[in-house]
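Structure first, then comments.
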Amino acid sequence: MEYDIKEFDEIRPYEPSEMKQAFNDLLDDRQFSLILKGFAPWLPKSVRNGLLRLAFVGVRTPLDFQLRFMKPIVWHYVHKLTDGLTFDDGELTARCAGDMATPRYTFVSNHRDIVLDSAFLDVLLNKHGYPTTVEIGIGDNLLIYPWIRRLVRMNKAFTVRRGLTAHEMMRSSQLMSRYIHYAVTRKRENIWIAQREGRAKDSDDRTQDSVLKMLAMGGEGSFADQLRDLNIVPLTISYEYDPCDYLKAQEFQQKRDNPAFKKSRQDDLDNMRTGIFGYKGRVHYHCAAPVNTWIDELGTLPKNEFFKAVAHRMDREIHRHYRLYPCNYIALDELDGRPAHADHYTPQDREHFEQYLQGQLAKITIPDKDEAFLRERMLTMYANPVRNYQAAL
């Protein structure tokens with residue numbers, strides 16, 4: 001398939017030739033300068049910018065930018081805000097010697113954190129010897145300031161347009177799919193994309209077949225062939241604690257009490273900030289075998305049935321690779337009203353989780369706060385991975 005990179009200008013990350021100008025524009029942005037001032041208020045702006053420009057020397061590509069600037073920041077948050085970040089890639093094709101011989105993947109995962117899901121994957125791939133990180137799709141609803149848009153484009157992000165008409169959505173999906181195929185097959189980049197639009201607020205992770213249909217649009221041949229070029233890997237992300245759990249529970253009540261409720265841009269920023277700076281406990285990433293290893297088993301199904309079958313199999317792969325923690329089993333037992341999984345936790349685990357729940361619930365300050373409903377919603381978030389894991393087995 002032939003591609004013209006100019007067709008992707010409205011959504012793609014920066015090219016190497018654009019990185020220096022983008023960096024200078026970022027430093028000249030007034031809002032971004034105020035953020036930098038918060039990190040080092042004692043340094044004059046000219047000194048801060050001078051130090052950053054010095055650090056930028058030798059940065060030519062978005063991957064260079066990630067390794068120079070983002071990698072140390074992400075590992076800082078791993079050490080400060082988690083109890084360990086682990087990775088199991090044993091089911092992937094063995095990594096080959098040399099960049100050009102190593103496969104590229106499209107990681108399709110459940111979604112826990114707006115920013116860190118892909119950032120953690122980046123540092124894990126780098127740590128385990130993969131030649132590059134991932135390009136990510138990020139909704140334009142989050143790109144509310146010019147400096148955010150510049151920063152994410154420097155950080156290997158392509159734009160996913162939100163709030164479109166049906167006609168606009170079709171064009172946008174076709175363009176994004178063509179770009180993803182181009183990135184994997186021509187640019188030789190990995191891709192990360194969530195299995196659904198937005199996060200599963202109750203942690204009942206399901207792959208939307210519409211996401212798979214979008215991925216297929218940019219391919220050729222049979223439905224299986226359209227997906228095959230992307231080398232899709234179902235990826236399971238397991239957080240012991242979700243810093244945004246109370247915000248998700250709060251949103252459940254707000255939508256229950258007012259069906260027309262919609263989050264504001266400030267709500268999105270609050271979710272991003274809480275997800276980044278909140279405690280996560282243990283975090284584990286597990287790669288299932290690529291879809292290409294089993295996709296031919298599905299045969300020649302009609303379009304809708306084919307994509308539903310792929311989504312169902314991917315869900316099973318994602319669910320069976322959850323890393324489950326004591327809090328997951330405690331939450332399920334409390335909802336069920338019986339200690340069926342008591343061998344997975346101790347009395348101390350129960351006490352600790354109860355204290356955690358009370359602390360998170362105390363952060364919710366909405367009018368007419370429904371404690372019982374909010375508690376049930378939070379327990380369900382932690383219980384559903386156990387339910388799905390057991391069903392997958």
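Just so we're on the same page: first chain in the structure tokens is A, next is B, and so on; residues restart at 1 for each chain, and ligands are numbered from 1 in the order they show up.
Residues surrounding Asp296 (chain A) within 12 Å are Ser222, Phe223, Ala224, Asp225, Leu227, Arg228, Phe306, Ala309 and Val310 of chain A [only C-alpha atoms; sequence separation below 6 positions excluded].
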For those residues, write all heavy atoms to a file as a PDB file, in the first residue's frame.
```pdb
ATOM      1  N   SER A 222      -8.436  -9.970   3.192  1.00  0.00           N
ATOM      2  CA  SER A 222      -9.499 -10.472   4.055  1.00  0.00           C
ATOM      3  C   SER A 222      -9.492  -9.717   5.380  1.00  0.00           C
ATOM      4  O   SER A 222      -8.562  -8.965   5.690  1.00  0.00           O
ATOM      5  CB  SER A 222      -9.295 -11.962   4.316  1.00  0.00           C
ATOM      6  OG  SER A 222      -8.128 -12.171   5.102  1.00  0.00           O
ATOM      7  N   PHE A 223     -10.531  -9.947   6.193  1.00  0.00           N
ATOM      8  CA  PHE A 223     -10.584  -9.301   7.507  1.00  0.00           C
ATOM      9  C   PHE A 223      -9.351  -9.673   8.326  1.00  0.00           C
ATOM     10  O   PHE A 223      -8.761  -8.829   9.007  1.00  0.00           O
ATOM     11  CB  PHE A 223     -11.857  -9.706   8.254  1.00  0.00           C
ATOM     12  CG  PHE A 223     -13.129  -9.377   7.529  1.00  0.00           C
ATOM     13  CD1 PHE A 223     -14.156 -10.302   7.442  1.00  0.00           C
ATOM     14  CD2 PHE A 223     -13.295  -8.132   6.914  1.00  0.00           C
ATOM     15  CE1 PHE A 223     -15.337 -10.003   6.779  1.00  0.00           C
ATOM     16  CE2 PHE A 223     -14.463  -7.818   6.242  1.00  0.00           C
ATOM     17  CZ  PHE A 223     -15.488  -8.760   6.172  1.00  0.00           C
ATOM     18  N   ALA A 224      -8.956 -10.943   8.259  1.00  0.00           N
ATOM     19  CA  ALA A 224      -7.767 -11.378   9.002  1.00  0.00           C
ATOM     20  C   ALA A 224      -6.519 -10.688   8.472  1.00  0.00           C
ATOM     21  O   ALA A 224      -5.652 -10.256   9.249  1.00  0.00           O
ATOM     22  CB  ALA A 224      -7.624 -12.900   8.920  1.00  0.00           C
ATOM     23  N   ASP A 225      -6.418 -10.568   7.152  1.00  0.00           N
ATOM     24  CA  ASP A 225      -5.257  -9.904   6.554  1.00  0.00           C
ATOM     25  C   ASP A 225      -5.184  -8.432   6.970  1.00  0.00           C
ATOM     26  O   ASP A 225      -4.096  -7.884   7.179  1.00  0.00           O
ATOM     27  CB  ASP A 225      -5.311  -9.986   5.031  1.00  0.00           C
ATOM     28  CG  ASP A 225      -5.098 -11.401   4.506  1.00  0.00           C
ATOM     29  OD1 ASP A 225      -4.454 -12.192   5.221  1.00  0.00           O
ATOM     30  OD2 ASP A 225      -5.565 -11.703   3.385  1.00  0.00           O
ATOM     31  N   LEU A 227      -5.952  -7.132   9.718  1.00  0.00           N
ATOM     32  CA  LEU A 227      -5.397  -7.021  11.066  1.00  0.00           C
ATOM     33  C   LEU A 227      -3.985  -7.582  11.159  1.00  0.00           C
ATOM     34  O   LEU A 227      -3.203  -7.158  12.015  1.00  0.00           O
ATOM     35  CB  LEU A 227      -6.288  -7.772  12.061  1.00  0.00           C
ATOM     36  CG  LEU A 227      -7.686  -7.218  12.305  1.00  0.00           C
ATOM     37  CD1 LEU A 227      -8.437  -8.106  13.298  1.00  0.00           C
ATOM     38  CD2 LEU A 227      -7.641  -5.778  12.824  1.00  0.00           C
ATOM     39  N   ARG A 228      -3.653  -8.503  10.284  1.00  0.00           N
ATOM     40  CA  ARG A 228      -2.395  -9.251  10.419  1.00  0.00           C
ATOM     41  C   ARG A 228      -1.163  -8.337  10.373  1.00  0.00           C
ATOM     42  O   ARG A 228      -0.210  -8.520  11.143  1.00  0.00           O
ATOM     43  CB  ARG A 228      -2.293 -10.305   9.320  1.00  0.00           C
ATOM     44  CG  ARG A 228      -1.399 -11.489   9.687  1.00  0.00           C
ATOM     45  CD  ARG A 228      -1.241 -12.435   8.507  1.00  0.00           C
ATOM     46  NE  ARG A 228      -2.520 -12.769   7.901  1.00  0.00           N
ATOM     47  CZ  ARG A 228      -3.327 -13.750   8.334  1.00  0.00           C
ATOM     48  NH1 ARG A 228      -2.972 -14.475   9.379  1.00  0.00           N
ATOM     49  NH2 ARG A 228      -4.458 -14.003   7.714  1.00  0.00           N
ATOM     50  N   PHE A 306     -16.955 -11.887  12.694  1.00  0.00           N
ATOM     51  CA  PHE A 306     -15.498 -12.031  12.761  1.00  0.00           C
ATOM     52  C   PHE A 306     -14.911 -11.104  13.818  1.00  0.00           C
ATOM     53  O   PHE A 306     -14.134 -11.534  14.672  1.00  0.00           O
ATOM     54  CB  PHE A 306     -14.880 -11.728  11.393  1.00  0.00           C
ATOM     55  CG  PHE A 306     -13.378 -11.695  11.410  1.00  0.00           C
ATOM     56  CD1 PHE A 306     -12.638 -12.872  11.366  1.00  0.00           C
ATOM     57  CD2 PHE A 306     -12.691 -10.491  11.499  1.00  0.00           C
ATOM     58  CE1 PHE A 306     -11.246 -12.845  11.403  1.00  0.00           C
ATOM     59  CE2 PHE A 306     -11.309 -10.449  11.523  1.00  0.00           C
ATOM     60  CZ  PHE A 306     -10.589 -11.630  11.478  1.00  0.00           C
ATOM     61  N   ALA A 309     -15.752 -12.100  17.293  1.00  0.00           N
ATOM     62  CA  ALA A 309     -14.994 -13.283  17.702  1.00  0.00           C
ATOM     63  C   ALA A 309     -13.571 -12.908  18.099  1.00  0.00           C
ATOM     64  O   ALA A 309     -13.031 -13.418  19.084  1.00  0.00           O
ATOM     65  CB  ALA A 309     -14.977 -14.319  16.578  1.00  0.00           C
ATOM     66  N   VAL A 310     -12.950 -11.996  17.323  1.00  0.00           N
ATOM     67  CA  VAL A 310     -11.599 -11.539  17.677  1.00  0.00           C
ATOM     68  C   VAL A 310     -11.630 -10.819  19.016  1.00  0.00           C
ATOM     69  O   VAL A 310     -10.783 -11.050  19.886  1.00  0.00           O
ATOM     70  CB  VAL A 310     -11.028 -10.612  16.581  1.00  0.00           C
ATOM     71  CG1 VAL A 310      -9.669 -10.058  17.017  1.00  0.00           C
ATOM     72  CG2 VAL A 310     -10.880 -11.361  15.267  1.00  0.00           C
TER      73      VAL A 310
END
```
Worksheet item: Where in region 176-221 of chain A does DSSP assign helix (DSSP H, G or I), given as a PyMOL selection string?
Response: chain A and resi 176-185+209-217
Worksheet entry | Close residues, Met381 (chain A) itself excluded, 12 Å, only C-alpha atoms, min 2 positions apart in chain, as a PyMOL selection string | chain A and resi 112+199-205+239-249+252+327-332+335+357+374-379+383-388
Restricted to N, CA, C and O atoms, what would the selected residues look like written as a compact mmCIF listing (two decimals), in the first residue's frame?
```txt
# COMPACT_ATOMS: atom_id res chain seq x y z
N ARG A 112 -6.24 1.71 32.37
CA ARG A 112 -6.35 2.09 33.77
C ARG A 112 -6.01 3.56 34.00
O ARG A 112 -6.62 4.21 34.83
N ARG A 199 -11.81 4.80 29.68
CA ARG A 199 -11.52 3.71 30.62
C ARG A 199 -12.80 3.01 31.04
O ARG A 199 -13.87 3.62 31.07
N ALA A 200 -12.71 1.72 31.34
CA ALA A 200 -13.84 1.00 31.91
C ALA A 200 -13.95 1.43 33.37
O ALA A 200 -13.13 1.04 34.21
N LYS A 201 -14.95 2.24 33.70
CA LYS A 201 -15.03 2.81 35.05
C LYS A 201 -15.18 1.74 36.13
O LYS A 201 -14.76 1.94 37.27
N ASP A 202 -15.77 0.59 35.77
CA ASP A 202 -15.95 -0.47 36.76
C ASP A 202 -14.94 -1.60 36.60
O ASP A 202 -15.10 -2.67 37.19
N SER A 203 -13.91 -1.39 35.79
CA SER A 203 -12.85 -2.37 35.55
C SER A 203 -13.36 -3.67 34.93
O SER A 203 -12.70 -4.70 35.00
N ASP A 204 -14.54 -3.62 34.30
CA ASP A 204 -15.03 -4.77 33.54
C ASP A 204 -14.54 -4.57 32.10
O ASP A 204 -15.23 -4.02 31.25
N ASP A 205 -13.31 -5.02 31.86
CA ASP A 205 -12.59 -4.69 30.64
C ASP A 205 -13.09 -5.52 29.45
O ASP A 205 -13.00 -6.75 29.47
N TYR A 239 -3.17 -2.86 38.01
CA TYR A 239 -2.78 -1.98 39.10
C TYR A 239 -3.35 -2.54 40.40
O TYR A 239 -4.52 -2.92 40.45
N GLU A 240 -2.52 -2.59 41.45
CA GLU A 240 -3.06 -3.01 42.74
C GLU A 240 -4.09 -1.99 43.24
O GLU A 240 -5.18 -2.36 43.67
N TYR A 241 -3.74 -0.72 43.17
CA TYR A 241 -4.65 0.35 43.58
C TYR A 241 -4.77 1.36 42.44
O TYR A 241 -3.78 1.74 41.82
N ASP A 242 -6.00 1.79 42.19
CA ASP A 242 -6.27 2.78 41.15
C ASP A 242 -6.45 4.14 41.82
O ASP A 242 -7.43 4.36 42.52
N PRO A 243 -5.51 5.07 41.64
CA PRO A 243 -5.64 6.37 42.30
C PRO A 243 -6.92 7.12 41.95
O PRO A 243 -7.39 7.96 42.71
N CYS A 244 -7.50 6.81 40.78
CA CYS A 244 -8.71 7.50 40.32
C CYS A 244 -9.99 6.76 40.71
O CYS A 244 -11.07 7.15 40.26
N ASP A 245 -9.88 5.74 41.58
CA ASP A 245 -11.07 4.95 41.89
C ASP A 245 -12.19 5.81 42.48
O ASP A 245 -13.36 5.66 42.14
N TYR A 246 -11.84 6.74 43.37
CA TYR A 246 -12.88 7.57 43.99
C TYR A 246 -13.48 8.56 43.00
O TYR A 246 -14.67 8.90 43.09
N LEU A 247 -12.67 9.02 42.03
CA LEU A 247 -13.20 9.90 40.99
C LEU A 247 -14.18 9.16 40.08
O LEU A 247 -15.19 9.71 39.65
N LYS A 248 -13.85 7.90 39.78
CA LYS A 248 -14.76 7.09 38.96
C LYS A 248 -16.06 6.81 39.71
O LYS A 248 -17.15 6.89 39.13
N ALA A 249 -15.95 6.49 41.02
CA ALA A 249 -17.15 6.25 41.82
C ALA A 249 -18.00 7.52 41.89
O ALA A 249 -19.23 7.48 41.77
N PHE A 252 -19.93 7.92 38.78
CA PHE A 252 -21.09 7.02 38.75
C PHE A 252 -22.28 7.66 39.45
O PHE A 252 -23.41 7.61 38.96
N CYS A 327 -6.50 -7.13 47.63
CA CYS A 327 -7.66 -6.23 47.60
C CYS A 327 -8.73 -6.68 46.61
O CYS A 327 -9.93 -6.46 46.84
N ASN A 328 -8.34 -7.31 45.50
CA ASN A 328 -9.32 -7.80 44.53
C ASN A 328 -10.21 -8.88 45.14
O ASN A 328 -11.44 -8.87 45.00
N TYR A 329 -9.58 -9.83 45.85
CA TYR A 329 -10.34 -10.92 46.46
C TYR A 329 -11.18 -10.43 47.63
O TYR A 329 -12.31 -10.89 47.84
N ILE A 330 -10.65 -9.50 48.41
CA ILE A 330 -11.40 -8.94 49.54
C ILE A 330 -12.65 -8.24 49.03
O ILE A 330 -13.75 -8.41 49.59
N ALA A 331 -12.51 -7.45 47.97
CA ALA A 331 -13.66 -6.73 47.42
C ALA A 331 -14.74 -7.69 46.95
O ALA A 331 -15.94 -7.48 47.21
N LEU A 332 -14.36 -8.77 46.27
CA LEU A 332 -15.35 -9.73 45.79
C LEU A 332 -16.05 -10.42 46.95
O LEU A 332 -17.28 -10.58 46.94
N LEU A 335 -18.60 -8.07 48.54
CA LEU A 335 -19.80 -7.92 47.72
C LEU A 335 -20.68 -9.16 47.79
O LEU A 335 -21.91 -9.07 47.82
N LEU A 357 -10.05 2.17 51.54
CA LEU A 357 -11.36 2.54 51.03
C LEU A 357 -11.90 3.78 51.74
O LEU A 357 -12.42 4.71 51.11
N LEU A 374 -21.42 4.63 46.70
CA LEU A 374 -20.03 4.89 46.31
C LEU A 374 -19.13 3.74 46.73
O LEU A 374 -18.24 3.32 45.98
N ARG A 375 -19.37 3.21 47.92
CA ARG A 375 -18.56 2.07 48.40
C ARG A 375 -18.77 0.85 47.50
O ARG A 375 -17.82 0.17 47.13
N GLU A 376 -20.03 0.59 47.14
CA GLU A 376 -20.32 -0.56 46.26
C GLU A 376 -19.64 -0.40 44.91
O GLU A 376 -19.10 -1.36 44.35
N ARG A 377 -19.64 0.83 44.39
CA ARG A 377 -19.00 1.07 43.10
C ARG A 377 -17.49 0.81 43.17
O ARG A 377 -16.90 0.22 42.28
N MET A 378 -16.87 1.26 44.25
CA MET A 378 -15.43 1.05 44.39
C MET A 378 -15.11 -0.42 44.59
O MET A 378 -14.16 -0.95 44.02
N LEU A 379 -15.90 -1.12 45.39
CA LEU A 379 -15.68 -2.55 45.57
C LEU A 379 -15.82 -3.30 44.25
O LEU A 379 -15.04 -4.21 43.94
N ALA A 383 -13.37 -5.91 42.35
CA ALA A 383 -13.85 -7.30 42.27
C ALA A 383 -13.92 -7.81 40.83
O ALA A 383 -13.70 -9.01 40.58
N ASN A 384 -14.24 -6.94 39.87
CA ASN A 384 -14.47 -7.41 38.50
C ASN A 384 -13.28 -8.13 37.87
O ASN A 384 -13.48 -9.09 37.12
N PRO A 385 -12.02 -7.71 38.12
CA PRO A 385 -10.93 -8.50 37.55
C PRO A 385 -10.91 -9.94 38.02
O PRO A 385 -10.57 -10.84 37.23
N VAL A 386 -11.31 -10.21 39.26
CA VAL A 386 -11.38 -11.59 39.74
C VAL A 386 -12.48 -12.34 38.99
O VAL A 386 -12.29 -13.47 38.52
N ARG A 387 -13.62 -11.72 38.86
CA ARG A 387 -14.74 -12.35 38.13
C ARG A 387 -14.33 -12.70 36.70
O ARG A 387 -14.60 -13.81 36.21
N ASN A 388 -13.71 -11.76 36.04
CA ASN A 388 -13.31 -11.99 34.65
C ASN A 388 -12.19 -13.03 34.53
O ASN A 388 -12.19 -13.84 33.60
```
Worksheet entry | Between CA of Ala183 (chain A) and CA of Gly299 (chain A), distance in Å (one decimal) |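 So the two atoms, CA of Ala183 (chain A) and CA of Gly299 (chain A), lie 27.6 Å apart.
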Worksheet item: Could you name the residues that touch Lys308 (chain A) at 7 Å or less, counting only C-alpha atoms, but leaving out those on the same chain fewer than 4 positions away, as a list of chain:residue names?
Response: A:Asp209, A:Asn304, A:His312
Shell around Arg188 (chain A) at 9 Å using only C-alpha atoms, local window under 5 positions removed, as a JSON list (two decimals) with N, CA and C atoms, in the first residue's frame:
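For reference, result-v5.json as written:
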```json
[["chain", "number", "residue", "atom", "x", "y", "z"],
["A", 100, "MET", "N", 16.14, -3.98, 12.66],
["A", 100, "MET", "CA", 15.29, -4.27, 11.51],
["A", 100, "MET", "C", 14.73, -5.68, 11.55],
["A", 103, "PRO", "N", 10.41, -7.79, 15.44],
["A", 103, "PRO", "CA", 9.03, -7.46, 15.08],
["A", 103, "PRO", "C", 8.56, -6.17, 15.74],
["A", 104, "ARG", "N", 7.56, -5.54, 15.12],
["A", 104, "ARG", "CA", 6.86, -4.41, 15.73],
["A", 104, "ARG", "C", 5.46, -4.88, 16.10],
["A", 132, "THR", "N", 12.52, 0.10, 20.18],
["A", 132, "THR", "CA", 11.78, 1.36, 20.24],
["A", 132, "THR", "C", 10.63, 1.22, 21.21],
["A", 182, "TYR", "N", 0.64, 2.54, 8.56],
["A", 182, "TYR", "CA", 1.87, 3.17, 8.08],
["A", 182, "TYR", "C", 2.95, 3.14, 9.17],
["A", 183, "ALA", "N", 2.57, 3.47, 10.40],
["A", 183, "ALA", "CA", 3.54, 3.53, 11.50],
["A", 183, "ALA", "C", 4.17, 2.17, 11.77]]
```
Item to complete: May I ask which of the residues A:Asp270, A:Ile11, A:Pro16, A:Ile318 is the closest one to Ser173 (chain A), counting only C-alpha atoms?
Response: A:Ile11
Discussion item. One decimal, in Å: what's the spacing between CA of Pro41 (chain A) and CA of Pro72 (chain A)?
Written reply: 20.9 Å
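Comparing the minimum interatomic distances between Glu91 (chain A) and each of A:Ala392, A:Leu235, A:Ala311, A:Met154, counting only C-alpha atoms, we find that A:Leu235 sits nearest.
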Worksheet item: Residues at most 12 Å from Ser264 (chain A), counting only C-alpha atoms, excluding those fewer than 5 positions away in the same chain, as JSON, numbers by chain?
Response: {"A": [141, 142, 144, 251, 269, 270, 271]}
Worksheet entry | Surrounding residues of Lys80 (chain A) excluding itself and chain neighbours under 2 positions, 10 Å, only C-alpha atoms, as a PyMOL selection string | chain A and resi 74-78+82-84+277-280
Kindly save the residues from that selection, with all heavy atoms included, as an mmCIF file, in the first residue's frame.
```cif
data_model
loop_
_atom_site.group_PDB
_atom_site.id
_atom_site.type_symbol
_atom_site.label_atom_id
_atom_site.label_comp_id
_atom_site.auth_asym_id
_atom_site.auth_seq_id
_atom_site.Cartn_x
_atom_site.Cartn_y
_atom_site.Cartn_z
ATOM 1 N N VAL A 74 9.499 9.096 34.326
ATOM 2 C CA VAL A 74 8.619 7.946 34.549
ATOM 3 C C VAL A 74 9.200 7.012 35.604
ATOM 4 O O VAL A 74 8.496 6.559 36.517
ATOM 5 C CB VAL A 74 8.363 7.190 33.221
ATOM 6 C CG1 VAL A 74 7.549 5.918 33.480
ATOM 7 C CG2 VAL A 74 7.621 8.085 32.230
ATOM 8 N N TRP A 75 10.501 6.725 35.515
ATOM 9 C CA TRP A 75 11.106 5.854 36.530
ATOM 10 C C TRP A 75 11.062 6.498 37.911
ATOM 11 O O TRP A 75 10.919 5.800 38.926
ATOM 12 C CB TRP A 75 12.533 5.489 36.149
ATOM 13 C CG TRP A 75 12.618 4.351 35.185
ATOM 14 C CD1 TRP A 75 13.151 4.373 33.927
ATOM 15 C CD2 TRP A 75 12.144 3.013 35.373
ATOM 16 N NE1 TRP A 75 13.039 3.142 33.321
ATOM 17 C CE2 TRP A 75 12.429 2.288 34.182
ATOM 18 C CE3 TRP A 75 11.492 2.358 36.418
ATOM 19 C CZ2 TRP A 75 12.093 0.940 34.032
ATOM 20 C CZ3 TRP A 75 11.147 1.021 36.261
ATOM 21 C CH2 TRP A 75 11.448 0.326 35.092
ATOM 22 N N HIS A 76 11.151 7.814 37.972
ATOM 23 C CA HIS A 76 11.010 8.500 39.260
ATOM 24 C C HIS A 76 9.645 8.204 39.872
ATOM 25 O O HIS A 76 9.550 7.894 41.070
ATOM 26 C CB HIS A 76 11.196 10.010 39.069
ATOM 27 C CG HIS A 76 10.809 10.822 40.271
ATOM 28 N ND1 HIS A 76 11.581 10.878 41.416
ATOM 29 C CD2 HIS A 76 9.704 11.590 40.516
ATOM 30 C CE1 HIS A 76 10.990 11.650 42.308
ATOM 31 N NE2 HIS A 76 9.852 12.102 41.782
ATOM 32 N N TYR A 77 8.597 8.292 39.045
ATOM 33 C CA TYR A 77 7.252 8.021 39.563
ATOM 34 C C TYR A 77 7.051 6.541 39.867
ATOM 35 O O TYR A 77 6.301 6.186 40.785
ATOM 36 C CB TYR A 77 6.197 8.527 38.577
ATOM 37 C CG TYR A 77 6.098 10.031 38.539
ATOM 38 C CD1 TYR A 77 6.157 10.733 37.334
ATOM 39 C CD2 TYR A 77 5.974 10.769 39.708
ATOM 40 C CE1 TYR A 77 6.085 12.111 37.305
ATOM 41 C CE2 TYR A 77 5.899 12.151 39.692
ATOM 42 C CZ TYR A 77 5.958 12.814 38.490
ATOM 43 O OH TYR A 77 5.896 14.189 38.473
ATOM 44 N N VAL A 78 7.702 5.674 39.106
ATOM 45 C CA VAL A 78 7.638 4.243 39.430
ATOM 46 C C VAL A 78 8.194 4.003 40.830
ATOM 47 O O VAL A 78 7.575 3.330 41.671
ATOM 48 C CB VAL A 78 8.423 3.408 38.397
ATOM 49 C CG1 VAL A 78 8.571 1.959 38.882
ATOM 50 C CG2 VAL A 78 7.726 3.432 37.040
ATOM 51 N N THR A 82 4.818 3.566 43.207
ATOM 52 C CA THR A 82 4.415 2.164 43.076
ATOM 53 C C THR A 82 5.271 1.311 43.996
ATOM 54 O O THR A 82 6.298 1.749 44.505
ATOM 55 C CB THR A 82 4.578 1.640 41.635
ATOM 56 O OG1 THR A 82 5.951 1.287 41.398
ATOM 57 C CG2 THR A 82 4.124 2.646 40.599
ATOM 58 N N ASP A 83 4.829 0.082 44.199
ATOM 59 C CA ASP A 83 5.609 -0.910 44.942
ATOM 60 C C ASP A 83 6.248 -1.914 43.991
ATOM 61 O O ASP A 83 6.481 -3.072 44.342
ATOM 62 C CB ASP A 83 4.725 -1.634 45.966
ATOM 63 C CG ASP A 83 4.269 -0.717 47.082
ATOM 64 O OD1 ASP A 83 5.043 0.194 47.448
ATOM 65 O OD2 ASP A 83 3.138 -0.880 47.578
ATOM 66 N N GLY A 84 6.530 -1.460 42.781
ATOM 67 C CA GLY A 84 7.190 -2.304 41.798
ATOM 68 C C GLY A 84 6.428 -2.348 40.491
ATOM 69 O O GLY A 84 5.192 -2.363 40.475
ATOM 70 N N PHE A 277 -0.005 11.263 39.930
ATOM 71 C CA PHE A 277 0.625 11.516 41.231
ATOM 72 C C PHE A 277 0.083 10.646 42.365
ATOM 73 O O PHE A 277 0.552 10.756 43.495
ATOM 74 C CB PHE A 277 0.479 12.993 41.597
ATOM 75 C CG PHE A 277 1.164 13.918 40.638
ATOM 76 C CD1 PHE A 277 0.429 14.786 39.834
ATOM 77 C CD2 PHE A 277 2.544 13.917 40.504
ATOM 78 C CE1 PHE A 277 1.055 15.631 38.931
ATOM 79 C CE2 PHE A 277 3.186 14.755 39.600
ATOM 80 C CZ PHE A 277 2.437 15.614 38.815
ATOM 81 N N GLY A 278 -0.881 9.762 42.077
ATOM 82 C CA GLY A 278 -1.456 8.919 43.113
ATOM 83 C C GLY A 278 -0.702 7.606 43.290
ATOM 84 O O GLY A 278 -0.039 7.117 42.368
ATOM 85 N N TYR A 279 -0.850 7.024 44.469
ATOM 86 C CA TYR A 279 -0.203 5.745 44.801
ATOM 87 C C TYR A 279 -0.912 4.597 44.080
ATOM 88 O O TYR A 279 -2.140 4.534 44.036
ATOM 89 C CB TYR A 279 -0.251 5.534 46.314
ATOM 90 C CG TYR A 279 0.182 4.173 46.782
ATOM 91 C CD1 TYR A 279 1.507 3.767 46.686
ATOM 92 C CD2 TYR A 279 -0.745 3.284 47.336
ATOM 93 C CE1 TYR A 279 1.907 2.515 47.125
ATOM 94 C CE2 TYR A 279 -0.356 2.039 47.784
ATOM 95 C CZ TYR A 279 0.972 1.658 47.677
ATOM 96 O OH TYR A 279 1.358 0.416 48.120
ATOM 97 N N LYS A 280 -0.116 3.663 43.532
ATOM 98 C CA LYS A 280 -0.672 2.585 42.709
ATOM 99 C C LYS A 280 -0.402 1.182 43.255
ATOM 100 O O LYS A 280 -0.911 0.206 42.713
ATOM 101 C CB LYS A 280 -0.108 2.681 41.288
ATOM 102 C CG LYS A 280 -0.423 4.020 40.635
ATOM 103 C CD LYS A 280 0.605 4.393 39.601
ATOM 104 C CE LYS A 280 0.426 5.817 39.138
ATOM 105 N NZ LYS A 280 0.654 6.818 40.189
#
```
Practice prompt. For CA of Thr185 (chain A) and CA of Asp229 (chain A), determine how far apart the two atoms are, in Å to one decimal place.
Written response: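 It comes out at 7.1 Å.
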Closest-contact table, region 197-223 of chain A side, partner region 175-179 of chain A, 8 Å, counting only C-alpha atoms, as a Markdown table:
```
| residue | atom | partner | partner_atom | distance |
| --- | --- | --- | --- | --- |
| A:Met214 | CA | A:Ser177 | CA | 6.0 |
| A:Leu215 | CA | A:Ser177 | CA | 5.1 |
| A:Ala216 | CA | A:Ser177 | CA | 6.9 |
| A:Met217 | CA | A:Ser177 | CA | 5.8 |
| A:Gly218 | CA | A:Arg178 | CA | 4.2 |
| A:Gly219 | CA | A:Arg178 | CA | 7.4 |
```
Worksheet, complete the sentence: Min atom-atom distance to Leu92 (chain A) from the set A:Cys287, A:Val211, A:Ala342, A:Leu393, counting only C-alpha atoms, belongs to A:Cys287
Worksheet item: Taking into account only C-alpha atoms, which residue in the set A:Phe69, A:Phe373, A:Phe32, A:Phe158 is nearest to Asp9 (chain A)?
Response: A:Phe158
Worksheet entry | Backbone-only DSSP, strand (DSSP E) members of region 130-343 of chain A, as JSON, numbers by chain | {"A": [134, 135, 136, 137, 138, 139, 157, 158, 159, 160, 190, 191, 192, 193, 194, 232, 233, 234, 235, 236, 237, 238, 239, 281, 282, 283, 284, 285, 286, 287]}
Worksheet item: Which residue gives the smallest distance to Arg12 (chain A) among A:Arg171, A:Lys262, A:His352, A:Arg153, with only C-alpha atoms counted?
Response: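 For Arg12 (chain A), the nearest of the candidates is A:Arg153.
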